[in-house]
Structure formats: C-alpha cells, structure tokens
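Visitor: This is query.csv (CSV, C-alpha atoms).
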```
chain,number,residue,atom,x,y,z
A,1,MET,CA,-16.2,-2.3,-28.8
A,2,SER,CA,-19.9,-2.9,-28.9
A,3,GLY,CA,-21.4,-6.0,-30.4
A,4,ARG,CA,-23.4,-3.6,-32.6
A,5,ASP,CA,-20.3,-2.8,-34.5
A,6,LEU,CA,-19.9,-6.2,-35.9
A,7,GLU,CA,-20.1,-6.9,-39.7
A,8,ARG,CA,-23.6,-7.4,-40.8
A,9,GLY,CA,-25.1,-8.4,-44.1
A,10,SER,CA,-27.7,-6.4,-45.9
A,11,GLY,CA,-30.7,-7.1,-48.1
A,12,LYS,CA,-32.5,-10.4,-48.3
A,13,GLY,CA,-31.3,-13.8,-49.2
A,14,ALA,CA,-32.1,-17.5,-48.8
A,15,ALA,CA,-32.7,-18.5,-45.2
A,16,PRO,CA,-30.5,-21.0,-43.4
A,17,ALA,CA,-31.9,-24.6,-43.3
A,18,ASN,CA,-33.1,-24.2,-39.8
A,19,TYR,CA,-34.3,-20.6,-40.0
A,20,PRO,CA,-38.1,-20.3,-39.7
A,21,GLY,CA,-39.8,-18.8,-42.7
A,22,GLY,CA,-38.9,-18.7,-46.4
A,23,SER,CA,-36.9,-15.4,-46.5
A,24,TYR,CA,-35.3,-13.2,-43.8
A,25,ASN,CA,-33.7,-9.8,-43.3
A,26,GLN,CA,-30.1,-10.6,-43.2
A,27,THR,CA,-29.3,-7.5,-41.0
A,28,ALA,CA,-31.7,-8.6,-38.3
A,29,TYR,CA,-30.5,-12.2,-38.6
A,30,TYR,CA,-26.9,-11.3,-37.9
A,31,ALA,CA,-27.9,-8.9,-35.2
A,32,ASN,CA,-29.9,-11.7,-33.5
A,33,ARG,CA,-27.1,-14.2,-33.8
A,34,ARG,CA,-24.7,-11.6,-32.2
A,35,ARG,CA,-27.0,-11.0,-29.3
A,36,ASP,CA,-27.3,-14.7,-28.7
A,37,SER,CA,-23.5,-15.3,-28.7
A,38,ASP,CA,-22.3,-12.1,-27.0
A,39,SER,CA,-24.9,-11.3,-24.4
A,40,GLN,CA,-24.3,-8.3,-22.2
A,41,TRP,CA,-23.0,-8.8,-18.7
A,42,THR,CA,-24.3,-6.8,-15.8
A,43,SER,CA,-21.5,-4.4,-14.6
A,44,TRP,CA,-21.1,-4.6,-10.8
A,45,LEU,CA,-17.3,-4.9,-10.3
A,46,VAL,CA,-16.5,-1.4,-11.6
A,47,PRO,CA,-19.0,0.3,-9.3
A,48,VAL,CA,-17.6,-1.7,-6.4
A,49,ILE,CA,-14.1,-0.6,-7.3
A,50,VAL,CA,-15.2,3.0,-7.4
A,51,VAL,CA,-16.9,2.7,-4.0
A,52,ALA,CA,-13.8,1.0,-2.6
A,53,ASN,CA,-11.5,3.8,-3.8
A,54,VAL,CA,-13.8,6.4,-2.3
A,55,ALA,CA,-14.0,4.6,1.0
A,56,VAL,CA,-10.2,4.2,1.1
A,57,PHE,CA,-9.8,7.9,0.5
A,58,ILE,CA,-12.2,8.8,3.3
A,59,VAL,CA,-10.3,6.5,5.7
A,60,THR,CA,-7.1,8.1,4.5
A,61,MET,CA,-8.4,11.6,5.3
A,62,PHE,CA,-9.6,10.4,8.7
A,63,VAL,CA,-6.2,9.0,9.5
A,64,ASN,CA,-4.6,12.2,8.2
A,65,ASN,CA,-6.5,14.4,10.7
A,66,CYS,CA,-5.1,17.7,9.4
A,67,PRO,CA,-6.4,19.9,12.3
A,68,ARG,CA,-4.4,17.8,14.8
A,69,ASN,CA,-1.3,16.9,12.8
A,70,ASN,CA,-0.7,20.0,10.6
A,71,LEU,CA,2.0,22.2,12.2
A,72,GLY,CA,1.1,25.3,10.2
A,73,PHE,CA,4.4,25.7,8.3
A,74,GLU,CA,2.6,25.7,4.9
A,75,GLY,CA,-0.6,27.4,6.1
A,76,GLY,CA,-3.8,26.2,7.6
A,77,CYS,CA,-6.0,23.3,6.7
A,78,VAL,CA,-8.4,23.6,3.8
A,79,ALA,CA,-12.2,23.2,4.3
A,80,LYS,CA,-12.0,23.2,8.0
A,81,PHE,CA,-15.7,22.6,8.3
A,82,LEU,CA,-15.0,19.0,7.4
A,83,GLY,CA,-13.3,18.7,10.8
A,84,ARG,CA,-10.9,15.7,10.9
A,85,LEU,CA,-11.5,15.1,7.1
A,86,SER,CA,-10.2,18.6,6.1
A,87,PHE,CA,-7.4,18.8,3.6
A,88,GLU,CA,-3.8,19.7,3.9
A,89,PRO,CA,-2.7,23.2,3.0
A,90,LEU,CA,-2.6,23.8,-0.8
A,91,LYS,CA,1.1,24.6,-0.7
A,92,GLU,CA,1.7,21.1,0.6
A,93,ASN,CA,-1.0,19.3,-1.5
A,94,PRO,CA,-2.7,21.3,-4.3
A,95,LEU,CA,-5.0,18.3,-5.1
A,96,PHE,CA,-7.1,18.7,-1.9
A,97,GLY,CA,-5.9,15.6,0.0
A,98,PRO,CA,-3.7,14.2,2.8
A,99,SER,CA,0.0,14.6,3.5
A,100,SER,CA,2.7,12.5,2.0
A,101,ASP,CA,3.4,11.0,5.4
A,102,THR,CA,-0.2,9.8,5.7
A,103,LEU,CA,0.0,8.3,2.2
A,104,GLN,CA,3.1,6.4,3.2
A,105,LYS,CA,1.4,5.2,6.3
A,106,MET,CA,-1.5,3.9,4.3
A,107,GLY,CA,0.5,2.0,1.8
A,108,ALA,CA,1.9,4.3,-0.9
A,109,LEU,CA,4.6,3.0,-3.2
A,110,VAL,CA,8.0,3.8,-1.8
A,111,TRP,CA,10.9,2.2,-3.4
A,112,SER,CA,13.1,2.0,-0.3
A,113,LYS,CA,10.4,0.4,1.7
A,114,VAL,CA,9.6,-2.2,-1.0
A,115,VAL,CA,13.2,-3.2,-1.6
A,116,HIS,CA,14.9,-2.7,1.8
A,117,GLY,CA,11.9,-2.9,4.1
A,118,ASN,CA,10.4,-6.1,2.6
A,119,GLN,CA,7.1,-4.4,2.0
A,120,GLY,CA,6.3,-5.7,-1.5
A,121,TRP,CA,2.6,-5.4,-0.7
A,122,ARG,CA,2.9,-1.7,-1.5
A,123,LEU,CA,3.0,-2.6,-5.2
A,124,VAL,CA,-0.7,-3.5,-4.8
A,125,THR,CA,-1.9,-1.1,-2.0
A,126,CYS,CA,-0.7,2.0,-3.8
A,127,MET,CA,-3.3,1.6,-6.6
A,128,TRP,CA,-6.1,2.0,-4.0
A,129,LEU,CA,-4.8,5.4,-2.7
A,130,HIS,CA,-5.2,8.8,-4.2
A,131,ALA,CA,-3.3,12.1,-3.6
A,132,GLY,CA,-6.4,14.2,-3.4
A,133,VAL,CA,-10.1,14.8,-4.4
A,134,ILE,CA,-9.1,16.0,-7.9
A,135,HIS,CA,-6.9,12.9,-8.4
A,136,LEU,CA,-9.7,10.6,-7.2
A,137,LEU,CA,-12.4,12.2,-9.3
A,138,ALA,CA,-10.3,12.1,-12.5
A,139,ASN,CA,-9.5,8.4,-12.1
A,140,MET,CA,-12.9,7.3,-11.0
A,141,LEU,CA,-14.7,9.1,-13.8
A,142,SER,CA,-12.2,7.5,-16.3
A,143,LEU,CA,-12.8,4.1,-14.7
A,144,VAL,CA,-16.6,4.4,-15.1
A,145,PHE,CA,-16.3,5.6,-18.7
A,146,ILE,CA,-13.9,2.8,-19.7
A,147,GLY,CA,-14.5,0.0,-17.3
A,148,ILE,CA,-18.3,-0.4,-17.3
A,149,ARG,CA,-18.5,-1.0,-21.1
A,150,LEU,CA,-15.6,-3.5,-21.0
A,151,GLU,CA,-17.2,-5.3,-18.1
A,152,GLN,CA,-20.5,-5.5,-19.9
A,153,GLN,CA,-18.8,-7.1,-22.9
A,154,PHE,CA,-16.3,-9.4,-21.2
A,155,GLY,CA,-17.5,-10.0,-17.7
A,156,PHE,CA,-16.1,-9.1,-14.3
A,157,VAL,CA,-13.4,-11.9,-14.1
A,158,ARG,CA,-11.5,-10.8,-17.2
A,159,VAL,CA,-11.9,-7.1,-16.6
A,160,GLY,CA,-11.0,-7.4,-12.9
A,161,ALA,CA,-7.9,-9.5,-13.8
A,162,ILE,CA,-6.7,-6.9,-16.3
A,163,TYR,CA,-7.3,-4.0,-13.8
A,164,LEU,CA,-5.4,-5.6,-11.0
A,165,ILE,CA,-2.6,-7.1,-13.0
A,166,SER,CA,-2.1,-3.9,-14.9
A,167,GLY,CA,-2.0,-1.9,-11.7
A,168,PHE,CA,0.7,-4.3,-10.4
A,169,GLY,CA,2.7,-4.0,-13.6
A,170,GLY,CA,2.5,-0.2,-13.5
A,171,SER,CA,3.8,-0.3,-9.9
A,172,ILE,CA,6.8,-2.4,-10.9
A,173,LEU,CA,7.9,-0.1,-13.7
A,174,SER,CA,7.3,2.9,-11.5
A,175,SER,CA,9.5,1.4,-8.8
A,176,LEU,CA,12.3,0.7,-11.3
A,177,PHE,CA,12.5,4.3,-12.5
A,178,ILE,CA,11.2,6.5,-9.7
A,179,GLN,CA,13.0,5.8,-6.5
A,180,ASN,CA,13.1,9.1,-4.6
A,181,ASN,CA,9.3,9.9,-4.5
A,182,ILE,CA,6.2,8.2,-3.4
A,183,SER,CA,3.5,7.1,-5.9
A,184,VAL,CA,-0.2,6.5,-5.5
A,185,GLY,CA,-3.2,6.1,-7.8
A,186,ALA,CA,-5.2,3.8,-10.0
A,187,SER,CA,-3.8,5.3,-13.2
A,188,GLY,CA,-1.7,2.3,-14.0
A,189,ALA,CA,-4.8,0.0,-13.8
A,190,LEU,CA,-6.8,2.5,-15.9
A,191,PHE,CA,-4.1,2.6,-18.6
A,192,GLY,CA,-4.2,-1.2,-18.5
A,193,LEU,CA,-7.8,-1.1,-19.5
A,194,LEU,CA,-7.0,1.3,-22.4
A,195,GLY,CA,-4.2,-1.0,-23.5
A,196,ALA,CA,-6.6,-4.0,-23.4
A,197,MET,CA,-9.1,-2.1,-25.5
A,198,LEU,CA,-6.4,-1.5,-28.1
A,199,SER,CA,-5.2,-5.1,-28.3
A,200,GLU,CA,-8.8,-6.4,-28.3
A,201,LEU,CA,-9.5,-4.3,-31.4
A,202,ILE,CA,-6.4,-5.6,-33.1
A,203,THR,CA,-6.8,-9.3,-32.3
A,204,ASN,CA,-10.5,-9.2,-33.2
A,205,TRP,CA,-9.9,-7.0,-36.2
A,206,THR,CA,-12.0,-9.1,-38.7
A,207,ILE,CA,-15.3,-8.8,-36.8
A,208,TYR,CA,-15.6,-5.1,-36.6
A,209,THR,CA,-16.7,-2.4,-39.0
A,210,ASN,CA,-15.3,1.1,-39.0
A,211,LYS,CA,-12.2,-0.4,-37.4
A,212,ALA,CA,-9.7,2.0,-38.9
A,213,ALA,CA,-11.5,5.0,-37.4
A,214,ALA,CA,-11.9,3.2,-34.1
A,215,LEU,CA,-8.2,2.4,-34.1
A,216,PHE,CA,-7.0,5.9,-34.8
A,217,THR,CA,-9.5,7.3,-32.2
A,218,LEU,CA,-8.2,5.0,-29.5
A,219,ILE,CA,-4.6,5.6,-30.3
A,220,PHE,CA,-5.2,9.4,-30.2
A,221,ILE,CA,-6.9,9.1,-26.7
A,222,ILE,CA,-4.0,7.0,-25.4
A,223,ALA,CA,-1.4,9.4,-26.9
A,224,ILE,CA,-3.0,12.4,-25.3
A,225,ASN,CA,-3.2,10.7,-21.9
A,226,LEU,CA,0.4,9.6,-22.1
A,227,ALA,CA,1.5,13.1,-23.1
A,228,VAL,CA,0.0,14.5,-20.0
A,229,GLY,CA,2.3,12.2,-18.1
A,230,ILE,CA,5.4,14.2,-19.1
A,231,LEU,CA,4.3,17.0,-16.7
A,232,PRO,CA,6.0,17.1,-13.4
A,233,HIS,CA,4.5,15.3,-10.4
A,234,VAL,CA,2.8,12.7,-12.7
A,235,ASP,CA,4.1,9.2,-12.5
A,236,ASN,CA,4.1,8.3,-16.2
A,237,PHE,CA,6.0,5.1,-15.7
A,238,ALA,CA,3.1,3.7,-13.8
A,239,HIS,CA,0.9,4.7,-16.8
A,240,ILE,CA,3.3,3.1,-19.3
A,241,GLY,CA,3.8,-0.1,-17.2
A,242,GLY,CA,0.0,-0.4,-16.8
A,243,PHE,CA,-0.6,0.2,-20.5
A,244,LEU,CA,1.9,-2.4,-21.7
A,245,THR,CA,0.6,-5.0,-19.2
A,246,GLY,CA,-3.0,-4.4,-20.2
A,247,PHE,CA,-2.1,-4.4,-23.9
A,248,LEU,CA,-0.6,-7.9,-23.6
A,249,LEU,CA,-3.4,-9.1,-21.4
A,250,GLY,CA,-5.9,-8.0,-24.0
A,251,PHE,CA,-4.4,-10.5,-26.5
A,252,ILE,CA,-4.7,-13.2,-23.9
A,253,LEU,CA,-8.1,-12.6,-22.3
A,254,LEU,CA,-10.2,-10.7,-24.7
A,255,VAL,CA,-10.0,-12.9,-27.8
A,256,ARG,CA,-13.4,-13.3,-29.6
A,257,PRO,CA,-14.3,-16.2,-31.8
A,258,GLN,CA,-14.7,-15.7,-35.5
A,259,PHE,CA,-18.1,-14.6,-36.6
A,260,GLY,CA,-18.5,-17.6,-38.9
A,261,TRP,CA,-17.9,-19.9,-35.9
A,262,VAL,CA,-20.4,-18.1,-33.8
A,263,GLU,CA,-23.2,-18.6,-36.3
A,264,ARG,CA,-22.2,-22.1,-37.3
A,265,ARG,CA,-25.3,-23.7,-35.8
A,266,TYR,CA,-27.5,-21.7,-38.1
A,267,ARG,CA,-25.8,-23.0,-41.2
A,268,PRO,CA,-26.7,-26.2,-43.1
A,269,ALA,CA,-25.4,-29.4,-41.5
A,270,ASP,CA,-23.1,-30.0,-44.5
A,271,ALA,CA,-21.7,-26.5,-44.6
A,272,ARG,CA,-18.0,-26.1,-43.8
A,273,ALA,CA,-17.5,-24.6,-40.4
A,274,LYS,CA,-14.8,-22.1,-39.6
A,275,SER,CA,-12.3,-22.6,-36.8
A,276,LYS,CA,-13.1,-20.8,-33.5
A,277,HIS,CA,-10.1,-18.5,-33.8
A,278,THR,CA,-7.8,-17.4,-36.6
A,279,GLY,CA,-4.2,-18.3,-36.8
A,280,TYR,CA,-2.9,-14.8,-36.1
A,281,GLN,CA,-5.1,-14.8,-32.9
A,282,TYR,CA,-3.2,-17.9,-31.6
A,283,VAL,CA,0.1,-16.3,-32.6
A,284,LEU,CA,-0.6,-13.0,-30.8
A,285,TRP,CA,-1.9,-15.0,-27.8
A,286,LEU,CA,1.3,-16.9,-27.5
A,287,ILE,CA,3.6,-14.0,-28.1
A,288,ALA,CA,1.7,-11.8,-25.5
A,289,LEU,CA,1.8,-14.6,-22.9
A,290,VAL,CA,5.6,-15.1,-23.3
A,291,LEU,CA,6.3,-11.3,-23.2
A,292,LEU,CA,4.1,-10.8,-20.1
A,293,ILE,CA,5.8,-13.6,-18.1
A,294,VAL,CA,9.3,-12.5,-19.1
A,295,GLY,CA,8.5,-8.9,-18.4
A,296,PHE,CA,7.2,-9.6,-14.9
A,297,VAL,CA,10.0,-12.0,-14.0
A,298,VAL,CA,12.7,-9.6,-15.2
A,299,GLY,CA,11.1,-6.6,-13.6
A,300,LEU,CA,10.6,-8.2,-10.2
A,301,ILE,CA,14.2,-9.6,-10.2
A,302,MET,CA,15.6,-6.1,-11.0
A,303,LEU,CA,13.4,-4.5,-8.4
A,304,PHE,CA,14.3,-6.7,-5.5
A,305,ARG,CA,17.9,-6.6,-6.4
A,306,GLY,CA,17.7,-2.9,-5.9
A,307,GLU,CA,18.6,-1.9,-9.5
A,308,ASN,CA,17.8,1.5,-10.9
A,309,ALA,CA,16.5,1.1,-14.4
A,310,ASN,CA,17.7,4.6,-15.3
A,311,ASP,CA,21.2,3.2,-15.2
A,312,HIS,CA,20.3,1.0,-18.2
A,313,CYS,CA,18.4,3.7,-20.1
A,314,SER,CA,19.9,7.1,-19.9
A,315,TRP,CA,17.0,8.8,-21.7
A,316,CYS,CA,14.0,7.0,-20.2
A,317,HIS,CA,13.5,9.7,-17.5
A,318,TYR,CA,12.1,12.0,-20.2
A,319,LEU,CA,9.2,9.6,-20.6
A,320,SER,CA,7.9,10.8,-17.2
A,321,CYS,CA,9.0,14.4,-17.1
A,322,VAL,CA,10.4,16.8,-19.8
A,323,PRO,CA,12.1,19.9,-18.2
A,324,THR,CA,11.1,23.3,-19.6
A,325,SER,CA,11.7,26.9,-18.6
A,326,ARG,CA,8.6,26.7,-16.3
A,327,TRP,CA,9.6,23.6,-14.3
A,328,LYS,CA,12.5,21.2,-13.5
A,329,CYS,CA,12.5,17.5,-13.2
A,330,ASN,CA,15.4,17.0,-10.8
A,331,ASN,CA,13.0,15.6,-8.1
```
Using structure tokens, write down the structure from this file.
Guide:
Amino acid sequence: MSGRDLERGSGKGAAPANYPGGSYNQTAYYANRRRDSDSQWTSWLVPVIVVANVAVFIVTMFVNNCPRNNLGFEGGCVAKFLGRLSFEPLKENPLFGPSSDTLQKMGALVWSKVVHGNQGWRLVTCMWLHAGVIHLLANMLSLVFIGIRLEQQFGFVRVGAIYLISGFGGSILSSLFIQNNISVGASGALFGLLGAMLSELITNWTIYTNKAAALFTLIFIIAINLAVGILPHVDNFAHIGGFLTGFLLGFILLVRPQFGWVERRYRPADARAKSKHTGYQYVLWLIALVLLIVGFVVGLIMLFRGENANDHCSWCHYLSCVPTSRWKCNN
C-alpha cells in the first residue's frame, strides 16, 4: 500500500511546538511527515530478477536445441527461424518452450531426484525455470506489477527475502503432493508477494484509509489466481505453499510503526509518545514466526522421509486439479 493511503487530518489547527509558523495545513503536515518517515526506495532487485529469469530461459532454449534433439514424433519444431532457440512442437509443449527432459536437466523440481537422488537444490532452481514463453511472460509481468511497488516501499532486502523464501516454501509443498510430474516456475514466489501484501495490510491496519475496500480487492485477486490453479497442468500446491509462506513472512518483515510514533518528534516535549508497534502486531509477529519455523521443519522432514502428503489428506488433490467432463486429473 502506498504511503499516500495513510490517515491524514484535515482543516487547520494549532501547530506543533517546533513547527515553523503560527498555523498549518494539517493534510500537508501529515503528508510531509509520512514522506520523511517512509521514503521511497529505488527498485532494482525486481528488474534484476526479471532479467535473470529471461536469461535462464534463453539458456534453457539453447540447451534444448530442438532442431537437433527433436525426433519428430510430435511434429516439427516451432519458429524454426530461431535456429537452436526454436520451440518444441505444440503437441509436446503448447506454451512455446523446451522439452520436459531439458527442464529436468536444467533443474526442474522432480520429487524422485530430490528425495532419492540427494538433489535438494532443485527446490530452489525450479523457481528460475519456465515451461515456455507464455509462462515466462505471465509470471514476469505479474512480478513487475506486484514486486516493484513492494520494493519501493520496503526495500530490496525484505522483498528479496520474501520472494526467495516463498518460492522455497512453494517447492516444498509441491513436492509433498505432486510426485509424478515435474514442476517449474516463479509462481510460488509471486504468490508469496501477494500473501505478504495481504498480511502487511492486516498487521498495519490502523494506518490505512479505505482499508476494507483494499482488503476485499486483494482477497478477490488472490482468490481468482488460486482458482486458476485448479486447472490441469497447473501446480497449485506451489501457489498455495508460496502464498502461505509469504503471508506469514509479511507479519514478520513488513511491520510498520504506528503513525503516532512516526511523528513523535513533531509533538511537544511533554506529550505522551505512543509505542512503536501495537500489541497485536507483536502477537501476530510471534505467531507467524512460530508457524513458519514449524511448517518448514515439518515439511522438510516429511519430504526427505519420502512421505506422500496425499496419504494424510485424501481430498487435498482437489486443490490443484478438479476433474470435469473436459479433463481428467489422474496424471
């Protein structure tokens, strides 16, 4: 949420003891105080992540080398004028991208390789790979739309941590429930940013105006994106895992001080100063930290013990794919 959404006074009133001049416009006063306390960061990490994802995709297509490796069983390569970078036949990959074998070679998430092949690094590398141009464009446009604003408000350290840890959390949940297919994409990390936006709004509830409308809008956007995940060939468990991780991280990393604490230096010396954070912010911070640690520990233990989370939740598979008359979810 932008700093401009903060509660502001209106009209005129007596100036603070150290405010120059006899009277002041309260709206401008609060806006100035907000700009002083919450200056905008320059967003550079999100553009770097976008460039890195595009570069990795180009390298993946170079390694794929469709003209040389395609055997022609599913048709010829697409966009042959690209030479070595041309795409696999649409019957094999309708997203205009490489083959599944190439994705595995480059570090896609494969449950058997993580658990039995001691390749835990795939839990991280998979978030830098994409199944095709359409997949890449959708994720990178979403990242620019969501990530740049967050980075401007909270800086690259906190946003980068949420992005990476959420992607890791999404990979863990995906591996626990989907063990027969490969998984790639930055969607888990992106859903982590959405989850962090939601928890940031909740934990900093008192400093925003129009908060109910913002809350319902954000919940609607999240619900629509999660609903898309019930389509086949979409790893909704990565989305859910990333969202839950980011939601908890938002309570931990995106806590803002109370407005009264921010503008304490402009009040008279004998005025009672508010504490930096409210009691419920501390409570949410502690609960989120405990749940995050417990969730990662339990998830990693279950994963490397080779457990299938579907055995503990008979209905959870519907969260990722709902069968209809038009498609099945067996694979």
Visitor: Contacts of Phe304 of chain A at 12 Å or less, counting only C-alpha atoms, minus same-chain residues fewer than 3 places along, as an MDAnalysis selection string?
Guide: chainID A and resid 111:120 172 175:176 297:301 307:308
Visitor: Give as a VMD selection string each residue that has an atom at most 12 Å from (-4.2, 27.7, 7.3) in the file, counting only C-alpha atoms.
Guide: chain A and resid 66 to 67 70 to 80 86 to 92
Visitor: In Å, how far is it from atom CA of Ile252 of chain A to atom CA of Leu289 of chain A?
Guide: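 Separation of atom CA of Ile252 of chain A and atom CA of Leu289 of chain A: 6.7 Å.
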Visitor: So how far away is atom CA of Ile178 of chain A from atom CA of Asp235 of chain A, in Å?
Guide: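 So the answer is 8.1 Å.
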Visitor: So how many Å separate atom CA of Tyr163 of chain A and atom CA of Gly97 of chain A, to one decimal?
Guide: 24.0 Å
Visitor: Hey, which of A:Gln281, A:Phe96, A:Glu200, A:Gly188 ends up closest to Ser142 of chain A? Count all atoms listed in the file.
Guide: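 Looking only at the distances to Ser142 of chain A, the closest residue turns out to be A:Gly188.
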Visitor: Considering only C-alpha atoms, can you say which of A:Leu190, A:Ala55, A:Leu284, A:Val157 comes closest to Gly169 of chain A?
Guide: A:Leu190
Visitor: Rank A:Ile148, A:Met302, A:Ile287, A:Leu198 by their smallest atom-to-atom distance to Trp44 of chain A, using all atoms listed in the file, and report the top residue only.
Guide: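 Ranked by minimum distance to Trp44 of chain A, first place goes to A:Ile148.
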Visitor: So, with only C-alpha atoms as the atoms that count, which of A:Ile58, A:Ala108, A:Leu319, A:Ala161 lies closest to Leu136 of chain A?
Guide: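 Between A:Ile58, A:Ala108, A:Leu319, A:Ala161, the residue approaching Leu136 of chain A most closely is A:Ile58.
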Visitor: List every protein, DNA or RNA residue that has an atom no more than 8 Å from (-5.6, -2.6, -11.7) in the file's coordinate frame, counting only C-alpha atoms, and report them as number ranges by chain.
Guide: A: 127, 160-168, 186, 188-190, 192, 242
Visitor: Nearest to Cys316 of chain A: which of A:Leu254, A:Leu173, A:Val228, A:Ala214 is it, counting all atoms listed in the file?
Guide: A:Leu173
Visitor: Please write C-alpha atoms of segment 167-179 of chain A, from the structure given just now, as a tab-separated table (two decimals), in the first residue's frame.
Guide:
```tsv
chain	number	residue	atom	x	y	z
A	167	GLY	CA	9.43	-19.84	-3.68
A	168	PHE	CA	11.23	-22.37	-1.49
A	169	GLY	CA	8.09	-22.92	0.58
A	170	GLY	CA	6.05	-23.45	-2.56
A	171	SER	CA	8.54	-26.03	-3.80
A	172	ILE	CA	8.30	-27.97	-0.53
A	173	LEU	CA	4.50	-28.18	-0.60
A	174	SER	CA	4.53	-29.05	-4.29
A	175	SER	CA	6.97	-31.91	-3.68
A	176	LEU	CA	4.83	-33.28	-0.86
A	177	PHE	CA	1.69	-33.55	-3.01
A	178	ILE	CA	2.86	-33.85	-6.63
A	179	GLN	CA	5.36	-36.67	-7.01
```
